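Have a look at work35.cif below; it lists mmCIF, C-alpha atoms.
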data_query
#
loop_
_atom_site.label_atom_id
_atom_site.label_comp_id
_atom_site.auth_asym_id
_atom_site.auth_seq_id
_atom_site.Cartn_x
_atom_site.Cartn_y
_atom_site.Cartn_z
CA MET L 4 21.23 6.35 -15.90
CA LEU L 5 22.51 7.54 -12.53
CA ASP L 6 26.18 8.51 -12.40
CA TYR L 7 28.65 7.08 -9.87
CA ARG L 8 28.22 9.97 -7.42
CA ALA L 9 24.46 9.42 -7.25
CA GLN L 10 25.02 5.71 -6.67
CA THR L 11 27.45 6.53 -3.88
CA PHE L 12 24.96 8.93 -2.29
CA LEU L 13 22.22 6.28 -2.35
CA ALA L 14 24.52 3.74 -0.71
CA VAL L 15 25.56 6.17 2.04
CA TYR L 16 21.95 7.18 2.67
CA ARG L 17 20.72 3.59 2.92
CA LEU L 18 23.61 2.27 4.98
CA ARG L 19 24.08 5.41 7.11
CA SER L 20 27.84 4.91 6.87
CA PHE L 21 30.66 6.02 4.58
CA THR L 22 32.63 2.91 5.54
CA ARG L 23 29.82 0.43 4.80
CA ALA L 24 28.98 2.26 1.56
CA ALA L 25 32.62 1.92 0.45
CA GLU L 26 32.53 -1.80 1.20
CA ALA L 27 29.23 -2.29 -0.63
CA LEU L 28 30.45 -0.37 -3.70
CA HIS L 29 33.97 -1.90 -3.63
CA ILE L 30 35.66 1.49 -3.57
CA THR L 31 37.75 3.30 -0.97
CA GLN L 32 36.28 5.42 1.80
CA PRO L 33 38.13 8.54 0.57
CA ALA L 34 36.45 8.01 -2.80
CA VAL L 35 33.04 7.90 -1.10
CA SER L 36 33.85 11.11 0.78
CA GLN L 37 34.95 12.79 -2.46
CA HIS L 38 31.75 11.81 -4.28
CA ILE L 39 29.58 13.22 -1.49
CA ARG L 40 31.64 16.46 -1.41
CA GLN L 41 31.18 16.85 -5.16
CA LEU L 42 27.42 16.49 -4.78
CA GLU L 43 27.38 18.97 -1.89
CA GLN L 44 29.38 21.46 -3.96
CA ASN L 45 27.01 21.00 -6.88
CA TYR L 46 23.87 21.49 -4.78
CA ARG L 47 25.51 24.02 -2.43
CA CYS L 48 24.26 22.33 0.73
CA ALA L 49 25.24 19.68 3.25
CA LEU L 50 23.71 16.26 2.58
CA PHE L 51 24.72 14.43 5.78
CA ALA L 52 25.40 15.47 9.36
CA LYS L 53 27.22 13.63 12.15
CA VAL L 54 24.89 12.42 14.90
CA GLY L 55 26.76 10.79 17.76
CA ARG L 56 29.06 8.21 16.21
CA GLY L 57 27.00 7.92 13.02
CA ILE L 58 25.54 10.11 10.28
CA GLU L 59 22.02 11.10 9.31
CA PRO L 60 20.78 12.83 6.15
CA THR L 61 19.96 16.51 6.36
CA ALA L 62 16.64 17.86 5.09
CA ALA L 63 18.38 18.51 1.76
CA GLY L 64 19.72 14.97 1.79
CA GLU L 65 16.22 13.59 2.31
CA LEU L 66 14.92 15.64 -0.63
CA ILE L 67 17.73 14.53 -2.93
CA TYR L 68 17.28 10.91 -1.86
CA ARG L 69 13.64 10.94 -2.91
CA ALA L 70 14.52 12.30 -6.34
CA LEU L 71 17.39 9.87 -6.89
CA ASP L 72 15.45 6.88 -5.56
CA VAL L 73 12.66 7.57 -8.06
CA ALA L 74 15.20 7.98 -10.86
CA GLU L 75 16.92 4.71 -9.89
CA ASN L 76 13.64 2.78 -9.88
CA ASP L 77 12.55 4.30 -13.20
CA ASP L 78 15.93 3.35 -14.65
CA THR L 79 15.44 -0.24 -13.50
CA ARG L 80 12.07 -0.40 -15.20
CA LEU L 81 13.50 1.20 -18.36
CA ARG L 82 16.21 -1.47 -18.45
CA ALA L 83 13.54 -4.16 -18.15
CA GLU L 84 11.66 -2.62 -21.07
CA LEU L 85 14.82 -2.54 -23.18
CA ASP L 86 15.59 -6.16 -22.31
CA ALA L 87 12.07 -7.15 -23.34
CA LEU L 88 12.36 -5.15 -26.55
CA ALA L 89 15.54 -7.03 -27.44
CA VAL L 90 13.72 -10.38 -27.49
CA ALA L 91 10.21 -9.43 -28.65
CA ASP L 92 8.35 -7.09 -30.96
CA SER L 93 7.06 -4.96 -28.11
CA ALA L 94 8.40 -4.08 -24.68
CA ARG L 95 6.42 -5.93 -22.03
CA PRO L 96 8.40 -6.27 -18.80
CA PRO L 97 6.60 -7.89 -15.87
CA LEU L 98 3.78 -5.92 -14.28
CA ARG L 99 5.15 -5.67 -10.73
CA PHE L 100 2.73 -4.34 -8.15
CA GLY L 101 1.34 -4.89 -4.69
CA CYS L 102 -2.07 -5.01 -3.06
CA THR L 103 -3.19 -4.71 0.51
CA ARG L 104 -4.97 -7.87 1.63
CA THR L 105 -8.57 -6.70 1.24
CA VAL L 106 -7.81 -5.50 -2.28
CA ALA L 107 -5.88 -8.69 -3.10
CA ASP L 108 -8.59 -11.03 -1.88
CA PHE L 109 -11.75 -9.26 -2.98
CA ALA L 110 -11.02 -6.73 -5.76
CA ALA L 111 -7.89 -7.90 -7.57
CA PRO L 112 -9.13 -11.30 -8.87
CA ARG L 113 -11.75 -9.78 -11.15
CA ILE L 114 -9.57 -6.98 -12.50
CA LEU L 115 -6.60 -9.27 -13.05
CA ALA L 116 -8.73 -11.82 -14.89
CA GLU L 117 -9.97 -9.09 -17.22
CA HIS L 118 -6.51 -7.53 -17.57
CA LEU L 119 -4.95 -10.85 -18.58
CA ARG L 120 -7.81 -11.57 -20.95
CA ARG L 121 -6.95 -8.33 -22.77
CA HIS L 122 -3.17 -8.73 -22.40
CA PRO L 123 -2.60 -12.50 -22.52
CA ASP L 124 1.15 -12.22 -23.09
CA GLU L 125 1.83 -9.95 -20.14
CA ARG L 126 3.70 -11.36 -17.17
CA THR L 127 2.29 -10.32 -13.82
CA CYS L 128 3.82 -10.39 -10.33
CA MET L 129 1.61 -9.32 -7.41
CA ARG L 130 2.82 -8.97 -3.82
CA THR L 131 0.55 -8.62 -0.78
CA GLY L 132 1.08 -6.84 2.52
CA ASN L 133 -0.16 -3.92 4.56
CA THR L 134 0.25 -0.39 3.26
CA ALA L 135 3.50 0.25 5.14
CA GLU L 136 5.03 -2.95 3.75
CA LEU L 137 4.02 -2.10 0.18
CA VAL L 138 5.36 1.46 0.48
CA ALA L 139 8.73 -0.02 1.50
CA LEU L 140 8.66 -2.35 -1.52
CA ILE L 141 8.04 0.61 -3.84
CA ASP L 142 10.88 2.57 -2.22
CA ARG L 143 13.26 -0.34 -2.75
CA GLY L 144 12.19 -0.77 -6.36
CA ASP L 145 10.84 -4.28 -5.75
CA ILE L 146 7.44 -3.25 -7.13
CA ASP L 147 6.42 -0.32 -9.31
CA PHE L 148 3.07 0.63 -7.78
CA ALA L 149 0.46 -0.62 -5.32
CA LEU L 150 -3.27 -0.70 -4.71
CA VAL L 151 -3.73 0.26 -1.05
CA GLU L 152 -6.51 0.92 1.42
CA GLY L 153 -4.41 2.56 4.14
CA SER L 154 -2.90 6.01 4.55
CA PHE L 155 0.31 6.99 2.74
CA ASP L 156 2.58 10.04 2.53
CA ARG L 157 1.12 12.22 -0.20
CA GLY L 158 4.30 14.28 -0.27
CA VAL L 159 6.22 11.20 -1.41
CA PHE L 160 3.64 9.29 -3.45
CA ASP L 161 1.27 10.28 -6.24
CA SER L 162 -2.03 8.45 -6.48
CA ALA L 163 -5.17 7.82 -8.47
CA VAL L 164 -8.43 6.77 -6.83
CA PHE L 165 -9.34 3.24 -7.83
CA SER L 166 -12.68 2.96 -6.00
CA HIS L 167 -14.83 4.40 -3.22
CA GLU L 168 -15.55 1.63 -0.73
CA PRO L 169 -18.28 1.57 1.96
CA TYR L 170 -17.01 0.44 5.36
CA VAL L 171 -19.58 -1.53 7.33
CA ALA L 172 -20.21 -3.25 10.64
CA VAL L 173 -21.37 -6.87 10.36
CA ALA L 174 -22.66 -9.55 12.71
CA ALA L 175 -24.01 -13.08 12.47
CA ALA L 176 -27.50 -13.13 10.98
CA ASP L 177 -28.96 -15.09 13.91
CA ALA L 178 -27.32 -13.03 16.64
CA THR L 179 -28.59 -9.51 16.00
CA PRO L 180 -31.75 -7.56 16.78
CA SER L 181 -33.78 -6.23 13.89
CA GLY L 182 -32.83 -2.84 12.54
CA ARG L 183 -29.60 -0.91 12.70
CA PRO L 184 -28.39 0.85 15.85
CA ALA L 185 -28.45 4.63 15.84
CA SER L 186 -25.05 5.09 17.46
CA ILE L 187 -21.67 3.36 17.45
CA ARG L 188 -21.93 3.40 21.25
CA ASP L 189 -24.80 0.93 20.98
CA LEU L 190 -22.27 -1.67 19.76
CA LEU L 191 -19.76 -1.32 22.61
CA GLY L 192 -21.30 -4.24 24.49
CA TRP L 193 -20.16 -6.63 21.75
CA HIS L 194 -16.85 -8.42 21.35
CA LEU L 195 -14.93 -6.94 18.44
CA VAL L 196 -13.17 -9.19 15.91
CA LEU L 197 -10.58 -7.16 14.03
CA ARG L 198 -7.39 -7.16 12.00
CA GLU L 199 -3.91 -6.81 13.47
CA PRO L 200 -2.32 -3.37 14.16
CA GLY L 201 -0.90 -1.83 10.98
CA SER L 202 -3.60 -3.11 8.65
CA GLY L 203 -5.59 -0.58 6.62
CA THR L 204 -8.87 -2.19 7.68
CA ARG L 205 -8.04 -1.60 11.34
CA GLU L 206 -6.48 1.82 10.74
CA ILE L 207 -9.71 3.29 9.37
CA LEU L 208 -11.70 1.90 12.30
CA GLU L 209 -9.30 3.34 14.87
CA LYS L 210 -9.28 6.70 13.10
CA HIS L 211 -13.06 7.05 13.11
CA LEU L 212 -13.44 5.72 16.65
CA ALA L 213 -10.86 8.26 17.87
CA ALA L 214 -12.87 11.06 16.22
CA ARG L 215 -15.68 10.04 18.60
CA ASP L 216 -13.40 9.74 21.66
CA LEU L 217 -13.52 5.95 21.48
CA GLY L 218 -11.05 3.13 20.90
CA VAL L 219 -11.13 -0.60 20.26
CA ASP L 220 -10.62 -1.22 23.98
CA ASP L 221 -14.02 0.36 24.67
CA PHE L 222 -15.71 -2.77 23.28
CA ALA L 223 -16.54 -5.68 25.59
CA GLY L 224 -13.50 -7.56 24.32
CA THR L 225 -11.32 -7.93 21.24
CA LEU L 226 -10.11 -10.79 19.10
CA GLU L 227 -7.27 -9.97 16.67
CA LEU L 228 -6.85 -12.07 13.52
CA ALA L 229 -4.54 -11.49 10.54
CA SER L 230 -6.95 -13.15 8.09
CA ILE L 231 -10.16 -11.65 6.73
CA PRO L 232 -11.65 -15.11 5.97
CA ALA L 233 -10.94 -16.10 9.59
CA ILE L 234 -12.58 -12.90 10.84
CA LYS L 235 -15.68 -13.58 8.76
CA ALA L 236 -15.84 -17.18 9.96
CA CYS L 237 -15.60 -16.11 13.60
CA VAL L 238 -18.30 -13.46 13.20
CA THR L 239 -20.56 -15.91 11.35
CA ALA L 240 -20.08 -18.35 14.24
CA GLY L 241 -21.22 -15.67 16.71
CA ALA L 242 -17.86 -14.66 18.21
CA GLY L 243 -18.68 -10.97 17.91
CA ILE L 244 -18.96 -8.19 15.36
CA SER L 245 -16.46 -6.77 12.91
CA PHE L 246 -15.89 -3.74 10.72
CA LEU L 247 -14.85 -4.53 7.15
CA TYR L 248 -15.11 -3.09 3.67
CA ARG L 249 -18.39 -4.12 2.09
CA VAL L 250 -16.52 -5.64 -0.87
CA ALA L 251 -15.07 -8.19 1.58
CA VAL L 252 -18.48 -9.35 2.83
CA GLU L 253 -20.73 -8.97 -0.20
CA ARG L 254 -21.23 -12.71 -0.66
CA GLU L 255 -21.97 -13.34 3.01
CA LEU L 256 -24.46 -10.48 3.11
CA ALA L 257 -26.17 -11.75 -0.04
CA ALA L 258 -26.34 -15.27 1.45
CA GLU L 259 -27.71 -13.78 4.71
CA GLU L 260 -24.92 -15.39 6.71
CA LEU L 261 -23.98 -11.91 7.94
CA VAL L 262 -26.07 -8.79 8.34
CA ASP L 263 -25.12 -5.14 8.04
CA ILE L 264 -25.46 -3.44 11.44
CA THR L 265 -23.60 -0.22 10.58
CA PRO L 266 -24.81 2.50 13.00
CA THR L 267 -26.45 5.48 11.33
CA ASP L 268 -23.83 7.79 12.89
CA PHE L 269 -20.94 5.66 11.59
CA ALA L 270 -21.51 5.70 7.83
CA ILE L 271 -18.00 5.65 6.34
CA GLU L 272 -16.64 5.48 2.83
CA HIS L 273 -12.93 5.18 2.08
CA ASP L 274 -10.87 5.23 -1.09
CA PHE L 275 -8.79 2.40 -2.47
CA ALA L 276 -5.92 4.12 -4.29
CA LEU L 277 -3.24 3.18 -6.79
CA ILE L 278 0.01 4.79 -5.60
CA TRP L 279 3.48 5.27 -7.11
CA GLN L 280 6.57 7.36 -6.42
CA ARG L 281 6.03 11.07 -6.95
CA GLY L 282 8.04 12.30 -9.93
CA SER L 283 8.14 8.98 -11.75
CA ARG L 284 8.34 9.22 -15.54
CA TYR L 285 5.74 6.43 -15.64
CA ALA L 286 3.05 8.46 -13.85
CA GLU L 287 0.75 8.70 -16.86
CA ARG L 288 1.03 4.96 -17.41
CA TYR L 289 -0.07 4.32 -13.84
CA ARG L 290 -2.97 6.76 -14.12
CA ALA L 291 -4.09 5.06 -17.34
CA LEU L 292 -3.85 1.67 -15.65
CA ALA L 293 -5.99 2.91 -12.73
CA ARG L 294 -8.66 4.07 -15.18
CA ALA L 295 -8.57 0.77 -17.06
CA TRP L 296 -8.81 -1.27 -13.87
CA GLN L 297 -11.77 0.80 -12.70
CA ALA L 298 -13.52 -0.20 -15.92
CA TYR L 299 -12.46 -3.84 -15.60
CA ARG L 300 -14.03 -4.07 -12.16
CA ALA L 301 -17.40 -3.20 -13.70
CA VAL L 302 -17.16 -6.07 -16.19
CA PRO L 303 -19.61 -8.85 -15.12
CA GLU L 304 -17.98 -12.00 -13.78
CA ALA L 305 -18.03 -14.99 -16.09
CA SER L 306 -20.81 -17.39 -15.16
#

Go ahead and render the structure in this file as structure tokens.
Amino acid sequence: MLDYRAQTFLAVYRLRSFTRAAEALHITQPAVSQHIRQLEQNYRCALFAKVGRGIEPTAAGELIYRALDVAENDDTRLRAELDALAVADSARPPLRFGCTRTVADFAAPRILAEHLRRHPDERTCMRTGNTAELVALIDRGDIDFALVEGSFDRGVFDSAVFSHEPYVAVAAADATPSGRPASIRDLLGWHLVLREPGSGTREILEKHLAARDLGVDDFAGTLELASIPAIKACVTAGAGISFLYRVAVERELAAEELVDITPTDFAIEHDFALIWQRGSRYAERYRALARAWQAYRAVPEAS
């Protein structure tokens, strides 16, 4: 349990104001100032600095925030476990997690079906969003962990690899020449159908194009869509090509509605990772869950 000074620090950090923190905590501003001074005396460093008419955390303040934020979120989960224990024989608070959209649409259904088959009494709450949105939900304590495809701050989050996913270029089956192109530059004459900025699917494409001194604007044209099913439908209809994780197009490739046209010089594989706050007391639980879900994904789908 965090003491009152830690709670005051968290409020000041998040609100960037001693006055607003006092109002939120229903205490006086001198009390807020005293709590922060006590913490600064304990840690022998300044936690906030005046910037213009406001305040910003120092480097030490940032470090302490990360530790206290993790402790606060762990405490919330511990309380949920204790509440569950009070009304049942075993502690089973809701499984609160997030998935990026590719994971949610094309990997999560199978693993969740198997997870719930093995744990039928467990309550599950899954949120979807891009990696940045899910990271913010973890920071706020709204979810405990996330399965993501995008980049994240490895200094702030621990992780376990969930899967290694091929990243492929696809086009309509009746709109492509036979064979795969040798170079990504051979595809620049096509219109590119892609996800919106901020999505992990787009981020990996932009990263690998930049490594070759290219960008999405080097294609003949672009069409941005926030829905993977819509992207696949447009590509199938001949609107252009797209780059997606193979897991998202496996059925269309098998049905020969789409074909894999990944250039030989653009073979990419990227990790889907389960992430959680670094320093969490639940780290081993999350690692165990990642291992279990890897195994669940290999379980054949029910016919």

*Can you work out which one of L:Ala110, L:Ile244, L:Ile67, L:Ala139 has the shortest atom-to-atom distance to L:Thr265, counting all atoms listed in the file?*
L:Ile244

*I need the residue set behind the PyMOL selection byres ((chain L and resi 13) around 10) for this file; please write it as a list of chain:residue names.*
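Answer for the PyMOL selection byres ((chain L and resi 13) around 10): L:Tyr7, L:Arg8, L:Ala9, L:Gln10, L:Thr11, L:Phe12, L:Ala14, L:Val15, L:Tyr16, L:Arg17, L:Leu18, L:Arg19, L:Ala24, L:Gly64, L:Ile67, L:Tyr68, L:Arg69, L:Leu71, L:Asp72, L:Glu75.
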
*Can you tell me how far atom CA of L:Arg104 sits from atom CA of L:Leu212, in Å to one decimal?*
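If I compute the distance from atom CA of L:Arg104 to atom CA of L:Leu212, I get 22.0 Å.
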
*For L:Cys102, the nearest of the candidates L:Leu195, L:Ile234, L:Leu28, L:Ala276, counting only C-alpha atoms*: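 Selected residue with least distance to L:Cys102: L:Ala276.
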
*asked:* Restricting the calculation to only C-alpha atoms: of L:Ala25, L:Leu190, L:Tyr285, L:Gly101, which residue gets closest to L:Glu136?
replied: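 The answer is L:Gly101, which sits nearest to L:Glu136.
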
*asked:* Given only C-alpha atoms as the basis, pick out the residue of L:Leu42, L:Leu98, L:Ala34, L:Val73 nearest to L:Arg130.
replied: L:Leu98

*Go ahead and compute the interatomic distance for atom CA of L:Ser166 and atom CA of L:Gln297, in Å to one decimal.*
7.1 Å

*asked:* Here is a test: counting only C-alpha atoms, which residue of L:Arg188, L:Arg284, L:His273, L:His194 is nearest to L:Arg215?
replied: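 Under the stated criterion, the closest residue is L:Arg188.
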
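Within the file as shown, the PyMOL selection byres ((chain L and resi 50) around 9) identifies Phe12, Ile39, Arg40, Leu42, Glu43, Cys48, Ala49, Phe51, Ala52, Glu59, Pro60, Thr61, Ala62, Ala63, Gly64, Glu65 and Ile67 of chain L.
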
*Go through the shown structure with the PyMOL selection byres ((chain L and resi 246) around 7) and write out the matching residues as an MDAnalysis selection string.*
chainID L and resid 170:173 245 247

_Counting all atoms listed in the file, which residue out of L:Val54, L:Leu81, L:Ala257, L:Leu277 sits closest to L:Thr103?_
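Among the listed residues, the smallest separation from L:Thr103 belongs to L:Leu277.
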
*asked:* Just the number, please: distance in Å from atom CA of L:Arg157 to atom CA of L:Arg99, one decimal.
replied: 21.1 Å

*Got a sec to check which residues sit within 6 Å of (-3.2, 0.1, 6.5), counting all atoms listed in the file, and write them as a list in words?*
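So the residues meeting the distance criterion are Asn133, Thr134, Gly153, Gly201, Ser202, Gly203 and Glu206 of chain L.
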
Have stretch 149-162 of chain L completed to N, CA and C atoms, please, and pass it along as a compact mmCIF listing (two decimals), keeping the file's coordinate frame.
# COMPACT_ATOMS: atom_id res chain seq x y z
N ALA L 149 1.26 0.23 -6.21
CA ALA L 149 0.46 -0.62 -5.32
C ALA L 149 -0.96 -0.10 -5.24
N LEU L 150 -1.88 -1.02 -5.02
CA LEU L 150 -3.27 -0.70 -4.71
C LEU L 150 -3.43 -0.84 -3.21
N VAL L 151 -3.73 0.27 -2.52
CA VAL L 151 -3.73 0.26 -1.05
C VAL L 151 -5.04 0.81 -0.52
N GLU L 152 -5.33 0.41 0.72
CA GLU L 152 -6.51 0.92 1.42
C GLU L 152 -6.13 1.83 2.58
N GLY L 153 -4.85 1.77 3.00
CA GLY L 153 -4.41 2.56 4.14
C GLY L 153 -3.88 3.93 3.76
N SER L 154 -3.43 4.67 4.76
CA SER L 154 -2.90 6.01 4.55
C SER L 154 -1.46 5.92 4.03
N PHE L 155 -1.05 6.92 3.27
CA PHE L 155 0.31 6.99 2.74
C PHE L 155 0.74 8.45 2.68
N ASP L 156 2.02 8.68 2.55
CA ASP L 156 2.58 10.04 2.53
C ASP L 156 2.35 10.66 1.16
N ARG L 157 1.46 11.60 1.08
CA ARG L 157 1.12 12.22 -0.20
C ARG L 157 2.20 13.19 -0.68
N GLY L 158 3.16 13.49 0.17
CA GLY L 158 4.30 14.28 -0.27
C GLY L 158 5.34 13.44 -1.00
N VAL L 159 5.25 12.12 -0.83
CA VAL L 159 6.22 11.20 -1.41
C VAL L 159 5.60 10.39 -2.55
N PHE L 160 4.30 10.13 -2.46
CA PHE L 160 3.64 9.29 -3.45
C PHE L 160 2.52 10.04 -4.16
N ASP L 161 2.43 9.86 -5.46
CA ASP L 161 1.27 10.28 -6.24
C ASP L 161 0.25 9.16 -6.21
N SER L 162 -1.00 9.48 -6.56
CA SER L 162 -2.03 8.45 -6.48
C SER L 162 -3.16 8.74 -7.45
